[in-house]
$ cat protein.txt   # compact mmCIF, C-alpha atoms
# COMPACT_ATOMS: atom_id res chain seq x y z
CA MET H 20 129.09 94.75 47.64
CA TYR H 21 127.59 97.43 49.91
CA MET H 22 129.64 96.31 52.93
CA GLN H 23 132.85 96.33 50.87
CA LYS H 24 132.16 99.89 49.68
CA LYS H 25 131.21 100.95 53.22
CA ASN H 26 134.46 99.56 54.63
CA GLU H 27 136.47 101.35 51.92
CA TYR H 28 134.66 104.59 52.72
CA MET H 29 135.28 104.21 56.46
CA LYS H 30 139.01 103.58 55.89
CA THR H 31 139.47 106.59 53.61
CA HIS H 32 137.50 108.92 55.87
CA LYS H 33 138.99 108.06 59.30
CA LYS H 34 140.72 111.44 59.53
CA LYS H 35 137.50 113.28 58.65
CA ILE H 36 135.52 111.18 61.14
CA HIS H 37 138.02 111.99 63.92
CA SER H 38 137.70 115.69 63.08
CA ILE H 39 133.90 115.52 63.21
CA GLN H 40 134.06 113.69 66.54
CA ALA H 41 136.05 116.58 67.95
CA ASN H 42 133.73 119.23 66.50
CA THR H 43 130.18 117.90 66.76
CA SER H 44 128.25 119.69 69.49
CA THR H 45 125.00 118.52 70.98
CA THR H 46 122.14 120.95 71.44
CA ASP H 47 123.24 121.62 75.04
CA GLY H 48 126.75 122.63 73.93
CA SER H 49 128.55 119.49 75.12
CA ARG H 50 130.65 117.38 72.74
CA ASP H 51 129.18 114.26 71.18
CA ASP H 52 131.07 111.34 69.67
CA VAL H 53 129.67 110.91 66.16
CA SER H 54 130.89 107.30 66.05
CA THR H 55 128.23 106.43 68.65
CA THR H 56 125.51 108.86 67.55
CA MET H 57 122.36 107.11 66.38
CA ILE H 58 119.32 108.27 64.46
CA ARG H 59 115.91 106.62 64.09
CA ILE H 60 114.81 106.33 60.46
CA ASN H 61 111.64 105.19 58.75
CA SER H 62 113.12 104.76 55.27
CA LEU H 63 115.67 105.98 52.77
CA ASP H 64 114.28 106.59 49.27
CA LEU H 65 117.13 106.18 46.80
CA ARG H 66 114.90 106.19 43.69
CA GLY H 67 115.12 109.96 43.37
CA SER H 68 112.41 112.54 44.02
CA VAL H 69 111.67 115.80 42.20
CA CYS H 70 108.96 116.79 44.73
CA ASP H 71 111.16 117.22 47.81
CA GLY H 72 113.40 120.08 46.75
CA PRO H 73 115.32 121.23 43.67
CA GLY H 74 116.81 118.58 41.41
CA LEU H 75 116.67 114.81 41.64
CA ARG H 76 117.00 114.09 45.38
CA THR H 77 117.48 111.19 47.77
CA VAL H 78 114.95 111.45 50.60
CA LEU H 79 115.56 110.30 54.17
CA PHE H 80 112.38 109.85 56.21
CA LEU H 81 113.08 110.03 59.94
CA GLN H 82 110.88 108.28 62.48
CA GLY H 83 108.95 110.08 65.21
CA CYS H 84 106.68 113.10 65.23
CA GLN H 85 104.72 114.52 68.13
CA ARG H 86 103.14 117.24 65.98
CA ARG H 87 100.72 114.82 64.25
CA CYS H 88 99.31 117.30 61.76
CA PRO H 89 95.79 116.34 60.59
CA ASN H 90 95.91 114.81 57.08
CA CYS H 91 99.70 114.32 57.32
CA HIS H 92 101.25 112.76 54.22
CA ASN H 93 103.45 110.43 56.35
CA PRO H 94 101.47 109.28 59.44
CA GLU H 95 103.44 106.01 59.46
CA THR H 96 106.43 108.08 60.66
CA TRP H 97 104.74 109.37 63.83
CA ASP H 98 105.56 106.55 66.30
CA SER H 99 108.95 107.38 67.82
CA GLU H 100 109.52 103.73 68.84
CA SER H 101 109.08 102.32 65.32
CA GLY H 102 111.53 102.39 62.46
CA ARG H 103 115.20 101.48 62.72
CA LEU H 104 117.88 102.95 64.95
CA ILE H 105 121.04 103.29 62.85
CA PRO H 106 124.51 104.72 63.51
CA ILE H 107 125.09 108.07 61.79
CA LEU H 108 128.35 106.87 60.21
CA ASP H 109 126.65 103.82 58.67
CA LEU H 110 123.82 105.96 57.32
CA ALA H 111 126.20 108.59 55.93
CA ALA H 112 128.32 105.90 54.27
CA ARG H 113 125.26 104.35 52.62
CA ILE H 114 124.01 107.74 51.39
CA ARG H 115 127.46 108.61 49.99
CA ILE H 116 127.63 105.31 48.13
CA GLU H 117 124.06 105.13 46.85
CA ALA H 118 123.00 108.77 46.30
CA PRO H 119 124.63 109.70 42.99
CA THR H 120 123.22 113.24 42.76
CA ARG H 121 124.64 114.29 46.16
CA ARG H 122 121.30 115.94 46.97
CA LEU H 123 119.57 114.87 50.18
CA THR H 124 116.27 115.92 51.70
CA ILE H 125 115.66 115.02 55.34
CA SER H 126 111.96 114.65 56.05
CA GLY H 127 109.86 112.72 58.49
CA GLY H 128 108.37 112.37 60.90
CA GLU H 129 109.80 115.51 62.42
CA PRO H 130 113.57 115.85 61.93
CA LEU H 131 113.89 118.45 64.69
CA GLU H 132 112.86 115.83 67.26
CA GLN H 133 116.30 114.25 66.61
CA THR H 134 118.48 117.37 66.51
CA VAL H 135 121.70 115.70 67.71
CA GLY H 136 121.48 112.99 65.06
CA VAL H 137 120.41 115.41 62.33
CA LEU H 138 123.27 117.78 63.14
CA ALA H 139 125.78 114.92 63.07
CA LEU H 140 124.43 113.73 59.70
CA LEU H 141 124.54 117.25 58.24
CA ASN H 142 128.17 117.55 59.36
CA GLU H 143 129.02 114.18 57.80
CA LEU H 144 127.40 115.17 54.48
CA SER H 145 128.50 118.81 54.39
CA ASP H 146 129.52 118.52 50.73
CA PHE H 147 125.96 117.54 49.72
CA ASP H 148 123.09 119.84 48.70
CA LEU H 149 121.01 119.51 51.89
CA ALA H 150 117.32 120.23 52.48
CA LEU H 151 115.21 119.72 55.59
CA TYR H 152 111.42 119.51 55.85
CA THR H 153 110.01 120.54 59.23
CA GLY H 154 106.61 121.42 60.64
CA TYR H 155 108.23 124.02 62.87
CA GLU H 156 108.43 127.70 61.98
CA LEU H 157 111.74 129.18 60.84
CA GLU H 158 112.30 130.95 64.17
CA GLU H 159 112.13 127.58 65.95
CA VAL H 160 114.87 125.90 63.88
CA PRO H 161 118.18 125.72 65.77
CA PRO H 162 120.72 128.02 64.06
CA SER H 163 123.33 125.24 64.26
CA ILE H 164 121.16 123.17 61.91
CA LEU H 165 119.97 126.05 59.74
CA ARG H 166 123.55 127.09 58.93
CA ARG H 167 124.31 123.65 57.48
CA LEU H 168 121.35 123.57 55.09
CA ASP H 169 120.94 124.76 51.53
CA TRP H 170 117.12 124.56 51.64
CA ILE H 171 114.42 124.39 54.29
CA LYS H 172 110.66 123.83 54.22
CA VAL H 173 109.00 125.29 57.31
CA GLY H 174 105.41 125.24 58.61
CA SER H 175 102.92 122.53 59.49
CA PHE H 176 100.59 121.07 56.89
CA ASP H 177 97.13 122.70 56.87
CA ILE H 178 94.51 120.92 54.75
CA HIS H 179 92.50 124.17 54.48
CA HIS H 180 95.40 125.79 52.59
CA ARG H 181 96.35 122.75 50.52
CA THR H 182 98.19 123.46 47.28
CA THR H 183 99.19 121.22 44.42
CA THR H 184 100.69 123.98 42.29
CA THR H 185 103.39 125.53 44.47
CA PRO H 186 106.62 123.50 44.27
CA PHE H 187 107.95 121.65 47.32
CA ILE H 188 105.15 122.52 49.79
CA GLY H 189 101.81 120.93 50.62
CA SER H 190 99.90 123.94 51.92
CA GLY H 191 100.03 127.68 51.35
CA ASN H 192 101.03 128.49 54.93
CA GLN H 193 104.33 126.62 54.44
CA ARG H 194 107.50 128.19 53.03
CA PHE H 195 110.33 126.62 51.05
CA LEU H 196 113.46 128.77 51.37
CA SER H 197 116.98 128.79 50.08
CA THR H 198 119.34 129.50 52.95
CA ARG H 199 121.80 130.90 50.39
CA ASP H 200 119.44 133.46 48.85
CA GLU H 201 117.03 134.29 51.65
CA LEU H 202 117.80 136.16 54.84
CA VAL H 203 116.97 133.13 56.99
CA LEU H 204 120.17 132.66 58.98
CA LEU H 205 119.67 133.67 62.57
CA ASP H 206 122.26 134.63 65.15
CA ASP H 207 122.86 132.27 68.07

$ encode --input "protein.txt" --output "structure tokens"
Amino acid sequence: MYMQKKNEYMKTHKKKIHSIQANTSTTDGSRDDVSTTMIRINSLDLRGSVCDGPGLRTVLFLQGCQRRCPNCHNPETWDSESGRLIPILDLAARIRIEAPTRRLTISGGEPLEQTVGVLALLNELSDFDLALYTGYELEEVPPSILRRLDWIKVGSFDIHHRTTTTPFIGSGNQRFLSTRDELVLLDD
């Protein structure tokens, strides 16, 4: 059933895919063909989360993180050689088919260690409500990614500032921001 739906999606979105192929830039400014762009994932949680951003959300856990914050909630995502390497178009098709709320949070691991893949996925799912969880500070997030998000959680986890009462963050040094309401968009 999934493959049938995926094939239907791919047929109906060929024009959109061609457009994205022509307009997806890599971080160095060169063009990248989204049909060959891959991303390494740990898991895709389709059950729905209310802890990873506003509303009931699908959560994509990417694989690989060099930050290795002490007491990390997801240490199984650290190894950049583990997980599964998957084509962006396959992943986007599965999310479109199986994520009924059209809300996606990209977490990890560290999503910004796969900026080309993340940017391609954000472009593919531009009609979704998109959130990204990163251990980096806001000033370190590439503007090309920031502009495509609705929400962002920034800052590394710090056990000494742990909170269980502030929504969508794990420690008080982190910030969860709406890119629509906050002045977070930076110039290139």

$ closest_residue --input "protein.txt" --among "H:Ala139, H:Val69, H:Thr96, H:Asn90" --to "Ser54 of chain H" --atoms "all atoms listed in the file"
H:Ala139

$ closest_residue --input "protein.txt" --among "H:Ile116, H:Leu151, H:Leu165, H:Ile105" --to "Pro130 of chain H" --atoms "only C-alpha atoms"
H:Leu151

$ closest_atom_pairs --input "protein.txt" --of "segment 63-126 of chain H" --to "segment 175-187 of chain H" --cutoff "12 Å" --atoms "all atoms listed in the file" --output "tab-separated table"
residue	atom	partner	partner_atom	distance
H:Ser68	CA	H:Phe187	CA	10.7
H:Val69	CA	H:Phe187	CA	8.6
H:Cys70	CA	H:Phe187	CA	5.6
H:Asp71	CA	H:Phe187	CA	5.5
H:Gly72	CA	H:Phe187	CA	5.7
H:Pro73	CA	H:Phe187	CA	8.2
H:Gly74	CA	H:Phe187	CA	11.1
H:Arg76	CA	H:Phe187	CA	12.0
H:Cys84	CA	H:Ser175	CA	11.7
H:Gln85	CA	H:Ser175	CA	11.9
H:Arg86	CA	H:Ser175	CA	8.4
H:Arg87	CA	H:Ser175	CA	9.3
H:Cys88	CA	H:Phe176	CA	6.3
H:Pro89	CA	H:Asp177	CA	7.5
H:Asn90	CA	H:Ile178	CA	6.7
H:Cys91	CA	H:Phe176	CA	6.8
H:His92	CA	H:Phe176	CA	8.8
H:Asn93	CA	H:Phe176	CA	11.0
H:Thr124	CA	H:Phe187	CA	11.0
H:Ser126	CA	H:Phe187	CA	11.9

$ write_last_selection --input "protein.txt" --atoms "C-alpha atoms" --output "compact mmCIF listing (two decimals), in the coordinates of the input"
# COMPACT_ATOMS: atom_id res chain seq x y z
CA SER H 68 112.41 112.54 44.02
CA VAL H 69 111.67 115.80 42.20
CA CYS H 70 108.96 116.79 44.73
CA ASP H 71 111.16 117.22 47.81
CA GLY H 72 113.40 120.08 46.75
CA PRO H 73 115.32 121.23 43.67
CA GLY H 74 116.81 118.58 41.41
CA ARG H 76 117.00 114.09 45.38
CA CYS H 84 106.68 113.10 65.23
CA GLN H 85 104.72 114.52 68.13
CA ARG H 86 103.14 117.24 65.98
CA ARG H 87 100.72 114.82 64.25
CA CYS H 88 99.31 117.30 61.76
CA PRO H 89 95.79 116.34 60.59
CA ASN H 90 95.91 114.81 57.08
CA CYS H 91 99.70 114.32 57.32
CA HIS H 92 101.25 112.76 54.22
CA ASN H 93 103.45 110.43 56.35
CA THR H 124 116.27 115.92 51.70
CA SER H 126 111.96 114.65 56.05

$ atom_distance --input "protein.txt" --atom1 "atom CA of Ser99 of chain H" --atom2 "atom CA of Tyr152 of chain H"
17.2 Å

$ atom_distance --input "protein.txt" --atom1 "atom CA of Leu63 of chain H" --atom2 "atom CA of Asp200 of chain H"
28.0 Å

$ atom_distance --input "protein.txt" --atom1 "atom CA of Leu196 of chain H" --atom2 "atom CA of Ala150 of chain H"
9.4 Å

$ decode --input "protein.txt" --residues "segment 91-107 of chain H" --atoms "all heavy atoms" --output "short mmCIF file (atom, residue, chain, number, x, y, z; two decimals), in the first residue's frame"
data_model
loop_
_atom_site.label_atom_id
_atom_site.label_comp_id
_atom_site.auth_asym_id
_atom_site.auth_seq_id
_atom_site.Cartn_x
_atom_site.Cartn_y
_atom_site.Cartn_z
N CYS H 91 22.49 13.95 27.14
CA CYS H 91 21.65 14.07 25.95
C CYS H 91 20.47 13.09 26.02
O CYS H 91 20.63 11.96 26.49
CB CYS H 91 22.49 13.79 24.71
SG CYS H 91 21.55 13.68 23.17
N HIS H 92 19.33 13.54 25.56
CA HIS H 92 18.12 12.71 25.54
C HIS H 92 18.19 11.63 24.46
O HIS H 92 17.51 10.62 24.54
CB HIS H 92 16.90 13.61 25.33
CG HIS H 92 15.59 12.93 25.50
ND1 HIS H 92 15.16 12.43 26.71
CD2 HIS H 92 14.61 12.65 24.61
CE1 HIS H 92 13.97 11.88 26.56
NE2 HIS H 92 13.62 11.99 25.30
N ASN H 93 19.02 11.84 23.41
CA ASN H 93 19.07 10.92 22.28
C ASN H 93 20.50 10.48 21.92
O ASN H 93 20.94 10.63 20.78
CB ASN H 93 18.46 11.59 21.04
CG ASN H 93 17.04 12.04 21.25
OD1 ASN H 93 16.26 11.37 21.90
ND2 ASN H 93 16.70 13.19 20.70
N PRO H 94 21.26 9.92 22.87
CA PRO H 94 22.65 9.55 22.55
C PRO H 94 22.76 8.49 21.46
O PRO H 94 23.79 8.40 20.79
CB PRO H 94 23.20 9.05 23.89
CG PRO H 94 22.00 8.64 24.67
CD PRO H 94 20.89 9.56 24.24
N GLU H 95 21.71 7.72 21.23
CA GLU H 95 21.73 6.71 20.17
C GLU H 95 21.80 7.34 18.78
O GLU H 95 22.05 6.66 17.79
CB GLU H 95 20.51 5.78 20.27
CG GLU H 95 19.17 6.43 19.95
CD GLU H 95 18.56 7.27 21.06
OE1 GLU H 95 19.17 7.42 22.15
OE2 GLU H 95 17.45 7.79 20.85
N THR H 96 21.62 8.65 18.69
CA THR H 96 21.68 9.35 17.40
C THR H 96 23.06 9.96 17.13
O THR H 96 23.25 10.59 16.09
CB THR H 96 20.63 10.47 17.34
OG1 THR H 96 20.94 11.47 18.31
CG2 THR H 96 19.22 9.94 17.57
N TRP H 97 24.02 9.78 18.00
CA TRP H 97 25.32 10.44 17.86
C TRP H 97 26.16 9.88 16.70
O TRP H 97 26.79 10.63 15.97
CB TRP H 97 26.13 10.32 19.14
CG TRP H 97 25.63 11.16 20.27
CD1 TRP H 97 24.60 12.06 20.25
CD2 TRP H 97 26.13 11.16 21.60
NE1 TRP H 97 24.43 12.63 21.48
CE2 TRP H 97 25.35 12.09 22.34
CE3 TRP H 97 27.14 10.47 22.24
CZ2 TRP H 97 25.59 12.35 23.68
CZ3 TRP H 97 27.37 10.72 23.59
CH2 TRP H 97 26.60 11.66 24.29
N ASP H 98 26.23 8.56 16.56
CA ASP H 98 27.12 7.92 15.58
C ASP H 98 26.67 8.26 14.16
O ASP H 98 25.60 7.86 13.72
CB ASP H 98 27.11 6.41 15.79
CG ASP H 98 28.04 5.67 14.86
OD1 ASP H 98 28.74 6.31 14.05
OD2 ASP H 98 28.06 4.42 14.94
N SER H 99 27.52 8.97 13.43
CA SER H 99 27.15 9.43 12.09
C SER H 99 27.19 8.32 11.05
O SER H 99 26.78 8.52 9.90
CB SER H 99 28.04 10.59 11.65
OG SER H 99 29.39 10.17 11.63
N GLU H 100 27.67 7.14 11.41
CA GLU H 100 27.69 6.00 10.48
C GLU H 100 26.52 5.06 10.70
O GLU H 100 26.31 4.15 9.90
CB GLU H 100 29.02 5.23 10.63
CG GLU H 100 30.25 6.07 10.33
CD GLU H 100 30.26 6.63 8.92
OE1 GLU H 100 29.94 5.89 7.97
OE2 GLU H 100 30.57 7.83 8.77
N SER H 101 25.77 5.25 11.77
CA SER H 101 24.61 4.39 12.05
C SER H 101 23.38 4.94 11.34
O SER H 101 23.45 5.88 10.58
CB SER H 101 24.36 4.32 13.56
OG SER H 101 25.41 3.69 14.21
N GLY H 102 22.25 4.35 11.65
CA GLY H 102 21.01 4.80 11.04
C GLY H 102 20.87 4.33 9.61
O GLY H 102 21.55 3.39 9.18
N ARG H 103 19.95 4.99 8.88
CA ARG H 103 19.70 4.61 7.48
C ARG H 103 19.88 5.81 6.58
O ARG H 103 19.38 6.90 6.88
CB ARG H 103 18.26 4.11 7.33
CG ARG H 103 17.99 2.79 8.01
CD ARG H 103 16.55 2.38 7.85
NE ARG H 103 15.71 3.34 8.58
CZ ARG H 103 14.49 3.70 8.22
NH1 ARG H 103 13.93 3.19 7.16
NH2 ARG H 103 13.81 4.56 8.93
N LEU H 104 20.55 5.62 5.48
CA LEU H 104 20.70 6.65 4.46
C LEU H 104 19.51 6.49 3.52
O LEU H 104 19.28 5.41 2.97
CB LEU H 104 22.02 6.45 3.72
CG LEU H 104 22.57 7.62 2.95
CD1 LEU H 104 22.74 8.85 3.85
CD2 LEU H 104 23.90 7.25 2.32
N ILE H 105 18.75 7.57 3.33
CA ILE H 105 17.51 7.49 2.56
C ILE H 105 17.42 8.68 1.61
O ILE H 105 17.80 9.79 1.97
CB ILE H 105 16.29 7.44 3.52
CG1 ILE H 105 14.99 7.28 2.77
CG2 ILE H 105 16.24 8.62 4.44
CD1 ILE H 105 13.79 6.95 3.68
N PRO H 106 16.93 8.45 0.39
CA PRO H 106 16.74 9.57 -0.54
C PRO H 106 15.70 10.56 -0.01
O PRO H 106 14.67 10.16 0.52
CB PRO H 106 16.25 8.90 -1.83
CG PRO H 106 16.63 7.45 -1.70
CD PRO H 106 16.60 7.16 -0.23
N ILE H 107 15.99 11.84 -0.18
CA ILE H 107 15.07 12.89 0.28
C ILE H 107 13.67 12.70 -0.30
O ILE H 107 12.68 12.85 0.41
CB ILE H 107 15.62 14.29 -0.10
CG1 ILE H 107 16.83 14.63 0.76
CG2 ILE H 107 14.55 15.38 0.02
CD1 ILE H 107 16.56 14.78 2.24
#
